[in-house]
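A.B. asks: I'd like to ask some things about the structure below.
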Amino acid sequence: MYPTALTQLARGNPFSAPLFSLQKVEEPQQSPHGQRTRRLAAAATAQEDVSCEFGSSKYYALCGFGGILSCGITHTAVVPLDLVKCRLQVDPDKFKSIGNGFKVTLREDGVRGLAKGWAPTFIGYSMQGLCKFGFYEVFKIFYSDLLGEENTYLWRTSLYLAASASAEFFADIALAPMEAVKVRIQTQPGYANTLRQCVPKMYAEEGLWAFYKGVVPLWMRQIPYTMMKFSCFERTVELLYKYVVPKPRSECSKPEQLVVTFVAGYIAGVFCAIVSHPADSVVSVLNKEQGSTAVQVLKKLGPKGVWKGLVARIIMIGTLTALQWFIYDSVKVYFRLPRPPPPEMPESLKKKLGLTE
């Protein structure tokens, strides 16, 4: 039997591998069609009425659709706050605080000015949501199949981190063009007021590079953000059901489960905002100024400048992340997609650790 200390490590290994390696002894289960049954450490699908198989093409497609709704709707809804946040980052002398930013914007542009950039925001973040949530499900299952059931449980946080980073890499390529357009509209008064005005003007001045020059800073901002968003959410859900919710998830109603989803999403969002804010400041300034590089912008902002607008971003991202997870999970409920419960230690691993008789 392994020592008690190692048993505790196996149960709660948050961000690194365990100090020992375990291999599966039994042969993997076979489905009636001869394919290996997928059993994520994010847990096996509960036996309930579902509309498709876990990990099927339909499952991935509907998860991607849920990502479109969750990211497109929420980011568009907070465009006014995002606009003020961007202006705080690129012109702190003029826009001194959140309240002052709203006041100055309303005085100069009126109420309609607060909606500047809504079209590229909706299109860009819808495409990002499609890739972010859709590919996360793909990579989570793919990496889980590579690891096997026991190692997937032991390394589950590392799996969430790897799957979310892989998904966000592609999601940012989809987001970059519209993010560049959005920032240009919001932070350069008089440059362009609409998507149709801004795109041809940017292309005429800088070519295709204008839309992708911010992709590396986007990776710097979004990949750590998404890794925190997904791993923190998954582990928070697990902890809430284990220590806070007074009954097992299987006994909770769908609305009760969605409340847990919202709370876990908000907690994850706060950490996301802090982790990704410096890179977000660089992206905002970079897309405003022609000919600048990420390194030049970083030197210009300095250690204090990269944290400008953090409070606004915590409010925005916390609410945003909670609503995104709520909408995404609601889509899964509506379409009756498989929704695995929190992970539990596999029986074979319990036997190896001497936790069963």
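By order in the structure tokens, chains are A, B, ...; within a chain, residues start at 1; ligands start at 1, following the order shown.
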Using only C-alpha atoms, find each residue in region 63-133 of chain A having at least one atom no more than 9 Å away from region 322-343 of chain A; report its shortest atom-to-atom pair and that distance in Å (one decimal), rows by chain then rising number, as JSON lines.
C.D. replies:
```
{"residue": "A:Cys63", "atom": "CA", "partner": "A:Lys332", "partner_atom": "CA", "distance": 7.3}
{"residue": "A:Phe65", "atom": "CA", "partner": "A:Val331", "partner_atom": "CA", "distance": 8.3}
{"residue": "A:Gly66", "atom": "CA", "partner": "A:Tyr328", "partner_atom": "CA", "distance": 5.0}
{"residue": "A:Gly67", "atom": "CA", "partner": "A:Tyr328", "partner_atom": "CA", "distance": 6.2}
{"residue": "A:Ile68", "atom": "CA", "partner": "A:Tyr328", "partner_atom": "CA", "distance": 8.9}
{"residue": "A:Leu69", "atom": "CA", "partner": "A:Ile327", "partner_atom": "CA", "distance": 7.3}
{"residue": "A:Ser70", "atom": "CA", "partner": "A:Gln324", "partner_atom": "CA", "distance": 4.5}
{"residue": "A:Cys71", "atom": "CA", "partner": "A:Gln324", "partner_atom": "CA", "distance": 6.1}
{"residue": "A:Ile73", "atom": "CA", "partner": "A:Gln324", "partner_atom": "CA", "distance": 8.6}
{"residue": "A:Thr74", "atom": "CA", "partner": "A:Gln324", "partner_atom": "CA", "distance": 6.7}
{"residue": "A:Phe133", "atom": "CA", "partner": "A:Tyr328", "partner_atom": "CA", "distance": 8.6}
```
A.B. asks: What does the structure give for the distance between CA of Lys350 (chain A) and CA of Leu147 (chain A), in Å to one decimal?
C.D. replies: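 These two atoms are separated by 17.4 Å.
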A.B. asks: Within 8 Å of Gly117 (chain A), counting only C-alpha atoms, which residues show up once you throw out same-chain ones fewer than 4 positions away? Write them as a PDB file with C-alpha atoms, in the first residue's frame, please.
C.D. replies:
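As a result, result.pdb now contains:
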```
ATOM      1  CA  VAL A  79     -19.149  46.934 -24.949  1.00  0.00           C
ATOM      2  CA  THR A 121     -16.994  42.680 -30.942  1.00  0.00           C
ATOM      3  CA  VAL A 181     -10.912  46.732 -35.739  1.00  0.00           C
ATOM      4  CA  LYS A 182     -12.759  47.085 -32.422  1.00  0.00           C
ATOM      5  CA  VAL A 183      -9.831  48.726 -30.633  1.00  0.00           C
ATOM      6  CA  ILE A 185     -12.816  52.274 -33.556  1.00  0.00           C
ATOM      7  CA  GLN A 186     -12.959  52.655 -29.782  1.00  0.00           C
ATOM      8  CA  ASN A 193     -17.357  54.805 -36.560  1.00  0.00           C
ATOM      9  CA  THR A 194     -18.441  51.504 -38.096  1.00  0.00           C
ATOM     10  CA  LEU A 195     -17.028  48.151 -39.136  1.00  0.00           C
TER      11      LEU A 195
END
```
A.B. asks: Which residues, written as number ranges by chain, have at least one atom at most 7 Å from Pro217 (chain A), with only C-alpha atoms counted and residues fewer than 4 positions away on the same chain left out?
C.D. replies: A: 221, 279, 282-283, 294
A.B. asks: Please, could you write that set of residues out with N, CA and C atoms as a PDB file, in the first residue's frame?
C.D. replies:
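Writing the result to result-v6.pdb gives the following:
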```pdb
ATOM      1  N   ARG A 221      -2.190  37.397 -23.775  1.00  0.00           N
ATOM      2  CA  ARG A 221      -3.309  37.765 -22.911  1.00  0.00           C
ATOM      3  C   ARG A 221      -4.295  36.621 -22.742  1.00  0.00           C
ATOM      4  N   ALA A 279      -1.114  41.959 -20.408  1.00  0.00           N
ATOM      5  CA  ALA A 279      -1.117  41.732 -21.859  1.00  0.00           C
ATOM      6  C   ALA A 279      -2.291  42.436 -22.527  1.00  0.00           C
ATOM      7  N   VAL A 282      -1.298  45.941 -23.244  1.00  0.00           N
ATOM      8  CA  VAL A 282      -0.401  46.006 -24.405  1.00  0.00           C
ATOM      9  C   VAL A 282      -1.197  45.914 -25.704  1.00  0.00           C
ATOM     10  N   VAL A 283      -2.174  45.000 -25.756  1.00  0.00           N
ATOM     11  CA  VAL A 283      -2.994  44.820 -26.961  1.00  0.00           C
ATOM     12  C   VAL A 283      -3.756  46.098 -27.290  1.00  0.00           C
ATOM     13  N   ALA A 294       5.068  45.023 -29.624  1.00  0.00           N
ATOM     14  CA  ALA A 294       4.642  44.693 -28.260  1.00  0.00           C
ATOM     15  C   ALA A 294       5.702  45.088 -27.236  1.00  0.00           C
TER      16      ALA A 294
END
```
A.B. asks: Near Pro177 (chain A), counting only C-alpha atoms, which residues have an atom at most 10 Å away, once you skip same-chain residues fewer than 4 positions from it, shown as a ChimeraX atom specification?
C.D. replies: /A:120,123-124,172-173,181-182,199,208-215
A.B. asks: Just write the chosen residues, all heavy atoms, as a tab-separated table (two decimals), in the first residue's frame.
C.D. replies:
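This is the output file selection.tsv:
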```tsv
chain	number	residue	atom	x	y	z
A	120	PRO	N	-17.76	44.56	-34.61
A	120	PRO	CA	-16.57	43.69	-34.58
A	120	PRO	C	-16.47	42.87	-33.30
A	120	PRO	O	-15.94	41.75	-33.31
A	120	PRO	CB	-15.40	44.67	-34.70
A	120	PRO	CG	-15.94	46.01	-34.36
A	120	PRO	CD	-17.38	45.98	-34.75
A	123	ILE	N	-18.93	39.81	-33.83
A	123	ILE	CA	-18.41	38.85	-34.82
A	123	ILE	C	-17.14	38.18	-34.30
A	123	ILE	O	-17.00	36.95	-34.35
A	123	ILE	CB	-18.13	39.56	-36.16
A	123	ILE	CG1	-19.43	40.09	-36.76
A	123	ILE	CG2	-17.45	38.60	-37.14
A	123	ILE	CD1	-19.22	41.01	-37.96
A	124	GLY	N	-16.21	38.98	-33.81
A	124	GLY	CA	-14.92	38.45	-33.37
A	124	GLY	C	-15.04	37.48	-32.22
A	124	GLY	O	-14.46	36.39	-32.24
A	172	ASP	N	-7.70	32.57	-30.86
A	172	ASP	CA	-7.16	33.92	-31.00
A	172	ASP	C	-6.87	34.28	-32.46
A	172	ASP	O	-6.94	35.45	-32.84
A	172	ASP	CB	-5.89	34.07	-30.16
A	172	ASP	CG	-6.18	34.09	-28.68
A	172	ASP	OD1	-7.35	34.34	-28.33
A	172	ASP	OD2	-5.27	33.84	-27.88
A	173	ILE	N	-6.53	33.28	-33.26
A	173	ILE	CA	-6.34	33.54	-34.69
A	173	ILE	C	-7.67	33.96	-35.31
A	173	ILE	O	-7.72	34.85	-36.17
A	173	ILE	CB	-5.79	32.28	-35.39
A	173	ILE	CG1	-4.38	31.96	-34.85
A	173	ILE	CG2	-5.75	32.47	-36.90
A	173	ILE	CD1	-3.80	30.65	-35.34
A	181	VAL	N	-9.92	45.76	-35.26
A	181	VAL	CA	-10.91	46.73	-35.74
A	181	VAL	C	-11.63	47.38	-34.56
A	181	VAL	O	-11.82	48.60	-34.52
A	181	VAL	CB	-11.92	46.05	-36.68
A	181	VAL	CG1	-13.05	47.02	-37.06
A	181	VAL	CG2	-11.22	45.55	-37.95
A	182	LYS	N	-12.03	46.57	-33.59
A	182	LYS	CA	-12.76	47.08	-32.42
A	182	LYS	C	-11.94	48.14	-31.67
A	182	LYS	O	-12.44	49.23	-31.36
A	182	LYS	CB	-13.09	45.93	-31.48
A	182	LYS	CG	-13.71	46.36	-30.15
A	182	LYS	CD	-13.79	45.21	-29.18
A	182	LYS	CE	-12.48	44.90	-28.52
A	182	LYS	NZ	-12.16	45.73	-27.35
A	199	VAL	N	-12.61	48.63	-41.68
A	199	VAL	CA	-11.87	47.54	-42.32
A	199	VAL	C	-11.14	47.98	-43.59
A	199	VAL	O	-9.92	47.77	-43.71
A	199	VAL	CB	-12.79	46.33	-42.59
A	199	VAL	CG1	-12.09	45.29	-43.46
A	199	VAL	CG2	-13.24	45.69	-41.28
A	208	LEU	N	-2.84	43.46	-44.83
A	208	LEU	CA	-3.37	42.38	-44.00
A	208	LEU	C	-2.74	42.35	-42.62
A	208	LEU	O	-3.36	41.90	-41.64
A	208	LEU	CB	-3.15	41.04	-44.72
A	208	LEU	CG	-3.98	39.84	-44.24
A	208	LEU	CD1	-5.47	40.10	-44.39
A	208	LEU	CD2	-3.56	38.58	-44.98
A	209	TRP	N	-1.50	42.85	-42.52
A	209	TRP	CA	-0.78	42.85	-41.24
A	209	TRP	C	-1.54	43.64	-40.17
A	209	TRP	O	-1.42	43.33	-38.98
A	209	TRP	CB	0.61	43.43	-41.45
A	209	TRP	CG	1.41	43.62	-40.19
A	209	TRP	CD1	1.85	44.78	-39.66
A	209	TRP	CD2	1.86	42.59	-39.30
A	209	TRP	NE1	2.55	44.57	-38.50
A	209	TRP	CE2	2.57	43.22	-38.25
A	209	TRP	CE3	1.73	41.20	-39.28
A	209	TRP	CZ2	3.16	42.51	-37.21
A	209	TRP	CZ3	2.31	40.49	-38.24
A	209	TRP	CH2	3.00	41.15	-37.22
A	210	ALA	N	-2.31	44.63	-40.58
A	210	ALA	CA	-3.06	45.45	-39.61
A	210	ALA	C	-3.99	44.61	-38.76
A	210	ALA	O	-4.25	44.94	-37.60
A	210	ALA	CB	-3.86	46.52	-40.36
A	211	PHE	N	-4.49	43.51	-39.32
A	211	PHE	CA	-5.48	42.68	-38.62
A	211	PHE	C	-4.85	41.57	-37.79
A	211	PHE	O	-5.53	40.96	-36.96
A	211	PHE	CB	-6.45	42.08	-39.63
A	211	PHE	CG	-7.14	43.10	-40.49
A	211	PHE	CD1	-6.75	43.33	-41.80
A	211	PHE	CD2	-8.17	43.88	-39.97
A	211	PHE	CE1	-7.36	44.28	-42.58
A	211	PHE	CE2	-8.80	44.84	-40.74
A	211	PHE	CZ	-8.40	45.05	-42.06
A	212	TYR	N	-3.57	41.30	-38.02
A	212	TYR	CA	-2.93	40.19	-37.31
A	212	TYR	C	-1.70	40.60	-36.51
A	212	TYR	O	-1.07	39.75	-35.89
A	212	TYR	CB	-2.55	39.08	-38.29
A	212	TYR	CG	-3.76	38.31	-38.79
A	212	TYR	CD1	-4.33	38.60	-40.02
A	212	TYR	CD2	-4.34	37.31	-38.01
A	212	TYR	CE1	-5.46	37.91	-40.47
A	212	TYR	CE2	-5.46	36.62	-38.43
A	212	TYR	CZ	-6.02	36.92	-39.67
A	212	TYR	OH	-7.13	36.24	-40.10
A	213	LYS	N	-1.37	41.88	-36.50
A	213	LYS	CA	-0.17	42.28	-35.75
A	213	LYS	C	-0.37	42.12	-34.25
A	213	LYS	O	0.61	42.05	-33.50
A	213	LYS	CB	0.20	43.73	-36.09
A	213	LYS	CG	-0.75	44.79	-35.58
A	213	LYS	CD	-0.25	46.18	-35.91
A	213	LYS	CE	-1.14	47.27	-35.34
A	213	LYS	NZ	-0.61	48.61	-35.65
A	214	GLY	N	-1.61	42.05	-33.80
A	214	GLY	CA	-1.87	41.88	-32.37
A	214	GLY	C	-2.08	40.45	-31.95
A	214	GLY	O	-2.42	40.19	-30.78
A	215	VAL	N	-1.83	39.47	-32.85
A	215	VAL	CA	-2.14	38.08	-32.49
A	215	VAL	C	-1.20	37.54	-31.42
A	215	VAL	O	-1.63	36.79	-30.53
A	215	VAL	CB	-2.15	37.17	-33.75
A	215	VAL	CG1	-0.74	36.93	-34.28
A	215	VAL	CG2	-2.83	35.84	-33.45
```
A.B. asks: Check the smallest atom-to-atom distance from each of A:Val285, A:Val297, A:Leu353, A:Ala171 to Pro92 (chain A) using only C-alpha atoms, then report the winner.
C.D. replies: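 The shortest atom-to-atom distance to Pro92 (chain A) comes from A:Val285.
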A.B. asks: List every residue of region 92-337 of chain A that DSSP, applied to the backbone, labels as helix (DSSP H, G or I), and write the result as a ChimeraX atom specification.
C.D. replies: /A:98-109,111-115,118-147,149-154,156-187,195-206,209-212,215-244,249-251,254-288,294-305,310-334
A.B. asks: So, with only C-alpha atoms as the atoms that count, which of A:Ser56, A:Gln197, A:Gln89, A:Ser348 lies closest to Pro278 (chain A)?
C.D. replies: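 That would be A:Gln89, the residue with the smallest distance to Pro278 (chain A).
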